[in-house]
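Engineer: Submitted below is the structure of interest, expressed as structure tokens.
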Amino acid sequence: MAKTKKSWREKLADSKDLPKFIKPKGRGAAQYGDKMLVPSPIQVDAMMKKVRKGKVMTIAQLREKLTKDNKATSTCPLCSGIFAWISANAAQESEDDGRKRITPWWRTVKAKGELNPKYPGGMEEQAKRLRKEGHKIVKKGKRWFVEGI
């Protein structure tokens with residue numbers, strides 16, 4: 001029997017035994033401290049849901065808040081980015097199914113306010129939604145940014 005592909009919402013709901021804390025080794029120990037949070041996809045989604053209309057949050061700010069809320073020394077940057085991507089696609093999946101209240105994924109941006117080309121619809125869709133909320137988007141080469149971040 002062929003295995004069916006998981007939907008984005010199923011991926012979001014799959015905690016994979018997370019959250020958990022790890023102790024980074026080697027060079028990572030100096031950079032991330034001795035208690036790194038590996039968040040669950042739902043934790044990242046919940047943080048993304050808190051960003052109000054007209055505001056944006058960088059992945060770094062999201063990680064700082066998770067770190068503080070969980071009394072950790074840091075939050076895994078790789079997992080945070082992957083789970084933000086899963087959250088964005090799960091929200092789009094819900095919107096495509098007719099749901100009105102979804103995670104406002106377009107308000108979570110990369111460092112320095114850079115738009116995320118991996119989000120649903122690419123940078124164009126994220127820019128369209130941010131402009132609708134009053135943000136000015138500036139292009140710098142192939143990259144797009146929220147002005148003033």
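In the structure tokens, chains take the letters A, B, ... in the order shown, each chain's residues start at 1, and ligands count up from 1 in the order shown.
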What's around Lys110 in chain A at 7 Å? Count only C-alpha atoms, leave out sequence neighbours fewer than 6 positions away in its own chain, and write the answer as a list in words.
Structural biologist: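 Surrounding residues, per the criterion: Thr58, Ile59 and Asn116 of chain A.
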Engineer: Enumerate the residues of range 2-132 of chain A with a DSSP assignment of alpha helix (DSSP H), computed from the backbone, and present them as a PyMOL selection string.
Structural biologist: chain A and resi 8-13+27-32+41-49+59-69+77-96+122-132
Engineer: I'd like a table as a Markdown table: residues in range 49-135 of chain A with an atom no more than 10 Å from range 17-28 of chain A, each row giving the shortest atom pair and its distance in Å to one decimal, only C-alpha atoms counted, sorted by chain and rising residue number.
Structural biologist:
```
| residue | atom | partner | partner_atom | distance |
| --- | --- | --- | --- | --- |
| A:Asn70 | CA | A:Phe21 | CA | 9.6 |
| A:Ala72 | CA | A:Phe21 | CA | 7.9 |
| A:Thr73 | CA | A:Lys23 | CA | 9.8 |
| A:Ser74 | CA | A:Phe21 | CA | 9.7 |
| A:Thr75 | CA | A:Phe21 | CA | 9.0 |
| A:Cys76 | CA | A:Ile22 | CA | 9.4 |
```
Engineer: Determine the nearest neighbour of His135 in chain A from the options A:Gly81, A:Gly54, A:Gly113, A:Pro120, counting only C-alpha atoms.
Structural biologist: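 Closest to His135 in chain A of all the choices is A:Gly54.
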Engineer: Select, from A:Lys49, A:Lys11, A:Lys35, A:Lys55, the residue with the minimum atom-to-atom distance to Thr103 in chain A, counting only C-alpha atoms.
Structural biologist: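 Of all the options, A:Lys49 lies closest to Thr103 in chain A.
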Engineer: Between CA of Ile149 in chain A and CA of Ala60 in chain A, what is the distance in Å, rounded to a tenth?
Structural biologist: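 CA of Ile149 in chain A sits 12.3 Å away from CA of Ala60 in chain A.
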Engineer: List the neighbours of Trp106 in chain A out to 6 Å using only C-alpha atoms; skip same-chain residues closer than 2 positions along the sequence, and give me the result as a list in words.
Structural biologist: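 Answer for this query is Pro104, Thr108 and Gln126 of chain A.
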Engineer: Output N, CA and C atoms for every residue in the selection just made, as an mmCIF file, in the first residue's frame.
Structural biologist:
```
data_model
loop_
_atom_site.group_PDB
_atom_site.id
_atom_site.type_symbol
_atom_site.label_atom_id
_atom_site.label_comp_id
_atom_site.auth_asym_id
_atom_site.auth_seq_id
_atom_site.Cartn_x
_atom_site.Cartn_y
_atom_site.Cartn_z
ATOM 1 N N PRO A 104 -1.276 34.411 10.629
ATOM 2 C CA PRO A 104 -0.821 35.456 9.690
ATOM 3 C C PRO A 104 0.665 35.296 9.350
ATOM 4 N N THR A 108 5.675 37.227 9.574
ATOM 5 C CA THR A 108 6.949 36.696 10.081
ATOM 6 C C THR A 108 7.949 36.757 8.934
ATOM 7 N N GLN A 126 3.652 37.475 -0.145
ATOM 8 C CA GLN A 126 3.945 38.053 1.165
ATOM 9 C C GLN A 126 3.942 39.575 1.068
#
```
Engineer: Would you please work out which residue, of A:Phe83, A:Trp144, A:Tyr119, A:Trp8, is nearest to Ile42 in chain A when using only C-alpha atoms?
Structural biologist: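 Comparing A:Phe83, A:Trp144, A:Tyr119, A:Trp8 against Ile42 in chain A, the winner is A:Phe83.
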Engineer: Val51 in chain A: which residues within 7 Å, counting only C-alpha atoms, same-chain residues fewer than 5 positions away excluded, as JSON, numbers by chain?
Structural biologist: {"A": [56, 57, 107]}
Engineer: Include N, CA and C atoms and write out the residues we just selected as a PDB file, in the first residue's frame.
Structural biologist:
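For reference, part15.pdb as written:
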```
ATOM      1  N   VAL A  56       5.303  43.308  12.198  1.00  0.00           N
ATOM      2  CA  VAL A  56       6.028  42.147  11.706  1.00  0.00           C
ATOM      3  C   VAL A  56       6.973  41.668  12.804  1.00  0.00           C
ATOM      4  N   MET A  57       7.386  40.413  12.712  1.00  0.00           N
ATOM      5  CA  MET A  57       8.341  39.837  13.646  1.00  0.00           C
ATOM      6  C   MET A  57       9.365  39.061  12.824  1.00  0.00           C
ATOM      7  N   ARG A 107       3.411  37.977   8.288  1.00  0.00           N
ATOM      8  CA  ARG A 107       3.968  38.943   9.242  1.00  0.00           C
ATOM      9  C   ARG A 107       5.269  38.452   9.867  1.00  0.00           C
TER      10      ARG A 107
END
```
Engineer: With only C-alpha atoms as the atoms that count, which of A:Arg52, A:Cys79, A:Ala84, A:Asp14 lies nearest to Glu133 in chain A?
Structural biologist: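 Answer, going by the shortest atom-to-atom distance: A:Arg52.
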